[in-house]
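Heads up: the structure comes next, in structure tokens.
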Amino acid sequence: MSSDDTMIRVSQLSKRYEIYDTPRDRLKQFILPRLQRDRGVSKQYFREFWALRDINFTVKKGETVGIIGRNGSGKSTLLQIICGTLSPTSGQIETRGRIAAMLELGSGFNPEFTGRENVYLNATVLGLTEREIDERFDRIAAFADIGDFMNQPIKTYSSGMTVRLAFAVQSQIDPDILIVDEALSVGDAKFQAKCFERLRQLKDNGTSILLVTHSSEQIVTHCTSAILLNQGVQLESGAPKQVVNRYLDLLFGKEKQALPEDSAAAARQAPTLLDTTEHGLSHLEDVFASRPGYNPHEYRWGDGTASILDFYVAADGVPYPAVVSTGQRISLSVSVKFHTSFYRPILGITIKTKEGVTIYGVNSETLECASFHEVGRAGSVIQADAAFICRLAPGDYFISLGIASKEGEEAVPHDRRYDSIHLQVGPNSVLFGLVDLELNMMAKEVVA
């Protein structure tokens with residue numbers, strides 16, 4: 001590896017498994033190809049399964065890279081290859097420095113040994129001397145916070161206690177590279193907060209982190225960049241928010257599908273005063289992009305069988321405000337056209353920070369909006385109205401909209417417009433953070 005600050009370099013990495021239908025086929029594959037080669041014949045007795053295909057990325061010093069994807073996408077296989085517990089079929093892996101990895105609960109722990117004994121065993125394997133372990137043991141024990149169980153065999157631990165101890169060991173040795181595979185999903189909220197604070201400290205100290213999780217919020221909040229895997233293929237890499245949006249597409253079982261061809265052209269047209277619903281909402285053409293506050297970098301997808309045509313937003317009755325204030329009443333209306341008929345369509349509204357952290361999300365089903373049970377006829381247009389009090393702290397926020405329906409238990413997305421409306425909340429010297437909780441404070445003298 002070159003002398004730059006690259007800690008992990010993955011180049012054209014692929015991993016193939018040979019799947020045999022019977023033990024006899026495995027024996028044939030071991031013996032017959034050698035005989036067949038002499039006769040100019042080539043036959044294989046297994047099926048190929050590619051867990052990974054042509055994966056490429058680099059991780060710099062101090063970066064946190066999130067790896068996300070559905071079950072079976074190749075995430076754990078990739079991490080095992082990086083750690084050296086699996087060999088690639090082709091391609092190269094280059095790493096620099098000490099690697100600490102949490103690939104599965106209790107990996108590297110002997111269940112018959114006590115927690116204390118396993119700390120010394122695990123840390124020794126990671127390259128620490130006995131003196132270094134002695135110096136760090138109190139920190140490890142305090143972080144794990146499992147009390148007297150430290151002197152009990154690991155086999156008596158719950159899964160949560162096991163991951164506490166495992167993370168405490170791996171994170172307190174100050175590794176150059178830390179790899180975490182879904183382990184933090186086991187701990188309670190308090191422990192997870194402590195873990196992510198420790199990850200932040202390690203990152204600030206120059207540790208490179210690979211974080212595998214199904215939590216899109218963790219990817220957006222804690223990662224510098226992200227990689228999306230699907231069926232062993234690297235679908236996307238880049239900014240966490242962009243990668244998470246693509247992951248959400250896959251999560252619903254639908255890849256991004258093209259909307260009607262005239263949508264883009266219609267979006268550029270100015271709305272007419274005719275052919276409108278209340279608030280001037282269009283019910284014939286998609287004029288969403290012509291409205292003040294529209295985010296041209298929205299992420300839009302769906303099967304196109306329904307379309308969100310237009311939106312109207314007001315703050316205390318003032319239409320399309322450039323800036324809103326904490327405490328104002330926000331009115332939001334959208335027009336939706338149904339190209340085919342649906343039973344009980346679902347309209348969803350989500351508010352996120354500019355970093356992609358969800359502040360609030362709701363839909364017509366969770367709100368039990370009976371009026372949505374009566375709409376959805378092919379060719380019809382509806383106007384949906386919503387209102388809320390802005391309790392957001394100063395900053396930039398984005399409103400996402402989506403229209404969907406259900407097929408059994410699965411939600412079918414028809415038109416989803418992620419981060420489509422920009423909402424800017426103006427300065428407020430009263431609070432900081434994300435949300436105004438309207439906290440009250442007072443004092444009284446109790447001792448003169």
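We name chains A, B, ... following the order of the structure tokens; residues begin at 1 in each chain, and ligands are numbered from 1 as shown.
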Next item on the list: Mind checking which residues fall within 6 Å of segment 42-51 of chain A, counting only C-alpha atoms, ignoring those fewer than 6 positions away in the same chain, and posting them as a PyMOL selection string?
Entry: chain A and resi 15-20+25+29+74+232
Selection above as a file: N, CA and C atoms, as a short mmCIF file (atom, residue, chain, number, x, y, z; two decimals), in the first residue's frame:
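For reference, out04.cif as written:
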data_model
loop_
_atom_site.label_atom_id
_atom_site.label_comp_id
_atom_site.auth_asym_id
_atom_site.auth_seq_id
_atom_site.Cartn_x
_atom_site.Cartn_y
_atom_site.Cartn_z
N LYS A 15 -15.74 -13.24 -4.43
CA LYS A 15 -15.72 -14.47 -3.65
C LYS A 15 -16.75 -15.44 -4.22
N ARG A 16 -16.26 -16.63 -4.62
CA ARG A 16 -17.11 -17.65 -5.21
C ARG A 16 -17.14 -18.88 -4.31
N TYR A 17 -18.34 -19.43 -4.15
CA TYR A 17 -18.50 -20.70 -3.46
C TYR A 17 -18.95 -21.77 -4.45
N GLU A 18 -18.51 -22.99 -4.21
CA GLU A 18 -18.92 -24.12 -5.04
C GLU A 18 -20.02 -24.88 -4.31
N ILE A 19 -21.18 -24.99 -4.93
CA ILE A 19 -22.34 -25.64 -4.33
C ILE A 19 -22.53 -27.01 -4.97
N TYR A 20 -22.42 -28.05 -4.14
CA TYR A 20 -22.56 -29.42 -4.61
C TYR A 20 -23.91 -29.97 -4.17
N ASP A 25 -20.95 -35.69 -6.03
CA ASP A 25 -20.49 -34.66 -6.97
C ASP A 25 -19.19 -34.02 -6.50
N GLN A 29 -15.77 -34.00 -8.69
CA GLN A 29 -15.04 -32.78 -9.01
C GLN A 29 -13.57 -32.90 -8.60
N GLY A 74 -23.94 -10.04 1.14
CA GLY A 74 -22.48 -10.22 1.11
C GLY A 74 -21.72 -9.38 2.10
N GLY A 232 -24.37 -9.46 -3.59
CA GLY A 232 -22.94 -9.53 -3.84
C GLY A 232 -22.37 -8.46 -4.74
#
Note to self: If we count only C-alpha atoms and set the cut-off at 9 Å, which residues sit around Phe143 of chain A, ignoring sequence neighbours fewer than 5 positions away in its own chain? Please answer as a PyMOL selection string.
What the structure shows: chain A and resi 138+164-165+167-169+172+194-195
Saved selection, atoms kept: all heavy atoms, as a PDB file, in the first residue's frame:
ATOM      1  N   ASP A 138      -9.143  -2.088  33.894  1.00  0.00           N
ATOM      2  CA  ASP A 138     -10.174  -1.348  34.625  1.00  0.00           C
ATOM      3  C   ASP A 138     -11.078  -0.575  33.668  1.00  0.00           C
ATOM      4  O   ASP A 138     -12.301  -0.479  33.877  1.00  0.00           O
ATOM      5  CB  ASP A 138      -9.531  -0.392  35.630  1.00  0.00           C
ATOM      6  CG  ASP A 138      -8.930  -1.125  36.825  1.00  0.00           C
ATOM      7  OD1 ASP A 138      -9.284  -2.307  37.027  1.00  0.00           O
ATOM      8  OD2 ASP A 138      -8.105  -0.522  37.534  1.00  0.00           O
ATOM      9  N   ARG A 164     -21.472  -6.628  25.225  1.00  0.00           N
ATOM     10  CA  ARG A 164     -20.888  -5.547  26.030  1.00  0.00           C
ATOM     11  C   ARG A 164     -19.402  -5.807  26.262  1.00  0.00           C
ATOM     12  O   ARG A 164     -18.562  -4.927  26.069  1.00  0.00           O
ATOM     13  CB  ARG A 164     -21.599  -5.454  27.388  1.00  0.00           C
ATOM     14  CG  ARG A 164     -22.921  -4.711  27.372  1.00  0.00           C
ATOM     15  CD  ARG A 164     -23.601  -4.814  28.731  1.00  0.00           C
ATOM     16  NE  ARG A 164     -24.791  -3.995  28.794  1.00  0.00           N
ATOM     17  CZ  ARG A 164     -24.824  -2.742  29.219  1.00  0.00           C
ATOM     18  NH1 ARG A 164     -23.707  -2.159  29.616  1.00  0.00           N
ATOM     19  NH2 ARG A 164     -25.942  -2.057  29.231  1.00  0.00           N
ATOM     20  N   LEU A 165     -19.095  -7.033  26.670  1.00  0.00           N
ATOM     21  CA  LEU A 165     -17.699  -7.359  26.967  1.00  0.00           C
ATOM     22  C   LEU A 165     -16.874  -7.364  25.688  1.00  0.00           C
ATOM     23  O   LEU A 165     -15.746  -6.860  25.667  1.00  0.00           O
ATOM     24  CB  LEU A 165     -17.618  -8.717  27.657  1.00  0.00           C
ATOM     25  CG  LEU A 165     -16.228  -9.119  28.157  1.00  0.00           C
ATOM     26  CD1 LEU A 165     -15.709  -8.104  29.172  1.00  0.00           C
ATOM     27  CD2 LEU A 165     -16.261 -10.515  28.779  1.00  0.00           C
ATOM     28  N   PHE A 167     -17.363  -5.680  22.863  1.00  0.00           N
ATOM     29  CA  PHE A 167     -17.120  -4.332  22.377  1.00  0.00           C
ATOM     30  C   PHE A 167     -16.133  -3.605  23.281  1.00  0.00           C
ATOM     31  O   PHE A 167     -15.280  -2.852  22.802  1.00  0.00           O
ATOM     32  CB  PHE A 167     -18.427  -3.542  22.298  1.00  0.00           C
ATOM     33  CG  PHE A 167     -18.266  -2.204  21.637  1.00  0.00           C
ATOM     34  CD1 PHE A 167     -18.381  -2.076  20.267  1.00  0.00           C
ATOM     35  CD2 PHE A 167     -17.981  -1.065  22.383  1.00  0.00           C
ATOM     36  CE1 PHE A 167     -18.214  -0.845  19.648  1.00  0.00           C
ATOM     37  CE2 PHE A 167     -17.813   0.167  21.782  1.00  0.00           C
ATOM     38  CZ  PHE A 167     -17.930   0.281  20.407  1.00  0.00           C
ATOM     39  N   ALA A 168     -16.237  -3.834  24.588  1.00  0.00           N
ATOM     40  CA  ALA A 168     -15.324  -3.180  25.532  1.00  0.00           C
ATOM     41  C   ALA A 168     -13.874  -3.544  25.226  1.00  0.00           C
ATOM     42  O   ALA A 168     -12.986  -2.678  25.229  1.00  0.00           O
ATOM     43  CB  ALA A 168     -15.680  -3.568  26.963  1.00  0.00           C
ATOM     44  N   VAL A 169     -13.619  -4.823  24.936  1.00  0.00           N
ATOM     45  CA  VAL A 169     -12.253  -5.252  24.637  1.00  0.00           C
ATOM     46  C   VAL A 169     -11.779  -4.648  23.326  1.00  0.00           C
ATOM     47  O   VAL A 169     -10.699  -4.050  23.239  1.00  0.00           O
ATOM     48  CB  VAL A 169     -12.168  -6.796  24.573  1.00  0.00           C
ATOM     49  CG1 VAL A 169     -10.773  -7.231  24.137  1.00  0.00           C
ATOM     50  CG2 VAL A 169     -12.515  -7.406  25.925  1.00  0.00           C
ATOM     51  N   GLN A 172     -11.291  -0.702  23.400  1.00  0.00           N
ATOM     52  CA  GLN A 172     -10.351  -0.109  24.345  1.00  0.00           C
ATOM     53  C   GLN A 172      -8.889  -0.405  24.030  1.00  0.00           C
ATOM     54  O   GLN A 172      -7.995   0.051  24.739  1.00  0.00           O
ATOM     55  CB  GLN A 172     -10.665  -0.592  25.767  1.00  0.00           C
ATOM     56  CG  GLN A 172     -12.013  -0.140  26.304  1.00  0.00           C
ATOM     57  CD  GLN A 172     -12.132   1.372  26.417  1.00  0.00           C
ATOM     58  OE1 GLN A 172     -11.161   2.065  26.721  1.00  0.00           O
ATOM     59  NE2 GLN A 172     -13.322   1.892  26.160  1.00  0.00           N
ATOM     60  N   LYS A 194     -23.377   4.805  24.549  1.00  0.00           N
ATOM     61  CA  LYS A 194     -21.989   4.771  25.025  1.00  0.00           C
ATOM     62  C   LYS A 194     -21.060   4.240  23.937  1.00  0.00           C
ATOM     63  O   LYS A 194     -19.943   4.734  23.764  1.00  0.00           O
ATOM     64  CB  LYS A 194     -21.910   3.909  26.284  1.00  0.00           C
ATOM     65  CG  LYS A 194     -20.527   3.862  26.921  1.00  0.00           C
ATOM     66  CD  LYS A 194     -20.564   3.403  28.364  1.00  0.00           C
ATOM     67  CE  LYS A 194     -21.087   2.009  28.526  1.00  0.00           C
ATOM     68  NZ  LYS A 194     -20.898   1.513  29.928  1.00  0.00           N
ATOM     69  N   CYS A 195     -21.527   3.225  23.193  1.00  0.00           N
ATOM     70  CA  CYS A 195     -20.716   2.660  22.121  1.00  0.00           C
ATOM     71  C   CYS A 195     -20.449   3.693  21.024  1.00  0.00           C
ATOM     72  O   CYS A 195     -19.307   3.828  20.548  1.00  0.00           O
ATOM     73  CB  CYS A 195     -21.416   1.446  21.519  1.00  0.00           C
ATOM     74  SG  CYS A 195     -21.431  -0.014  22.587  1.00  0.00           S
TER      75      CYS A 195
END
Item checked: Atomic separation - atom CA of Leu250 of chain A relative to atom CA of Gln231 of chain A, Å -> 11.1 Å
Margin query: Restricting the calculation to only C-alpha atoms: of A:Asn295, A:Lys155, A:Leu13, A:Ile330, which residue gets closest to Ser87 of chain A?
Written below: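 Of the candidates, the smallest distance to Ser87 of chain A is held by A:Leu13.
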Note to self: Give me, as a count of residues only, the residues of segment 156-341 of chain A that a backbone DSSP run labels strand (DSSP E).
What the structure shows: 47
Item checked: Sel. of alpha helix (DSSP H) residues, segment 166-407 of chain A, as a ChimeraX atom specification -> /A:166-172,189-204,216-222,240-251,263-267
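For the set A:Thr58, A:Ser11, A:Gln424, A:Thr340, the residue with the smallest atom-to-atom gap to Ser237 of chain A is A:Thr58, counting only C-alpha atoms.
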Next item on the list: Name the residues in contact with Asp310 of chain A at a cut-off of 9 Å, using only C-alpha atoms, excluding same-chain residues fewer than 6 positions from it; report them as an MDAnalysis selection string.
Entry: chainID A and resid 281:283 285:291 333:336
Checklist line | Shell of 8 Å around segment 120-129 of chain A, only C-alpha atoms, local chain residues under 4 positions omitted, as a list in words | finding: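 Surrounding residues, per the criterion: Arg98, Ile99, Ala100, Gly108, Phe109, Arg116, Ile133, Val169, Gln170 and Ile173 of chain A.
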Go ahead and write the residues just picked, C-alpha atoms, as an mmCIF file, in the first residue's frame.
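Okay, part00.cif is ready:
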data_model
loop_
_atom_site.group_PDB
_atom_site.id
_atom_site.type_symbol
_atom_site.label_atom_id
_atom_site.label_comp_id
_atom_site.auth_asym_id
_atom_site.auth_seq_id
_atom_site.Cartn_x
_atom_site.Cartn_y
_atom_site.Cartn_z
ATOM 1 C CA ARG A 98 -3.907 -3.364 13.997
ATOM 2 C CA ILE A 99 -7.411 -4.628 13.182
ATOM 3 C CA ALA A 100 -10.064 -5.246 15.835
ATOM 4 C CA GLY A 108 -13.010 -15.432 20.126
ATOM 5 C CA PHE A 109 -14.494 -16.067 23.578
ATOM 6 C CA ARG A 116 -11.749 -11.720 33.084
ATOM 7 C CA ILE A 133 -3.843 -5.473 29.336
ATOM 8 C CA VAL A 169 -12.253 -5.252 24.637
ATOM 9 C CA GLN A 170 -12.181 -4.359 20.948
ATOM 10 C CA ILE A 173 -7.245 -1.441 22.606
#
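The shell of residues at most 8 Å from segment 386-391 of chain A, with only C-alpha atoms counted and near chain neighbours (fewer than 6 positions) removed, consists of Ser325, Thr326, Gly327, Gln328, Arg329, Ile330, Ser331, Leu332, Ser333, Val435, Asp436 and Leu437 of chain A.
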Notebook entry, point to check: Restricting the calculation to only C-alpha atoms, which member of A:Val318, A:Cys83, A:Leu229, A:Leu392 is positioned closest to Gly69 of chain A?
Noted result: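 Between A:Val318, A:Cys83, A:Leu229, A:Leu392, the residue approaching Gly69 of chain A most closely is A:Leu229.
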Next item on the list: Determine the nearest neighbour of Tyr418 of chain A from the options A:Val10, A:Val244, A:Leu210, A:Ile81, counting only C-alpha atoms.
Entry: A:Val244
Next item on the list: Find, counting only C-alpha atoms, the residue in A:Val180, A:Ile68, A:Ala166, A:Leu103 that gets nearest to Leu248 of chain A.
Entry: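 Nearest candidate to Leu248 of chain A out of A:Val180, A:Ile68, A:Ala166, A:Leu103: A:Ile68.
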Notebook entry, point to check: Of the residues A:Glu94, A:Glu132, A:Asp5, A:Asp385, which is the one nearest to Ile82 of chain A, using only C-alpha atoms?
Noted result: A:Glu94
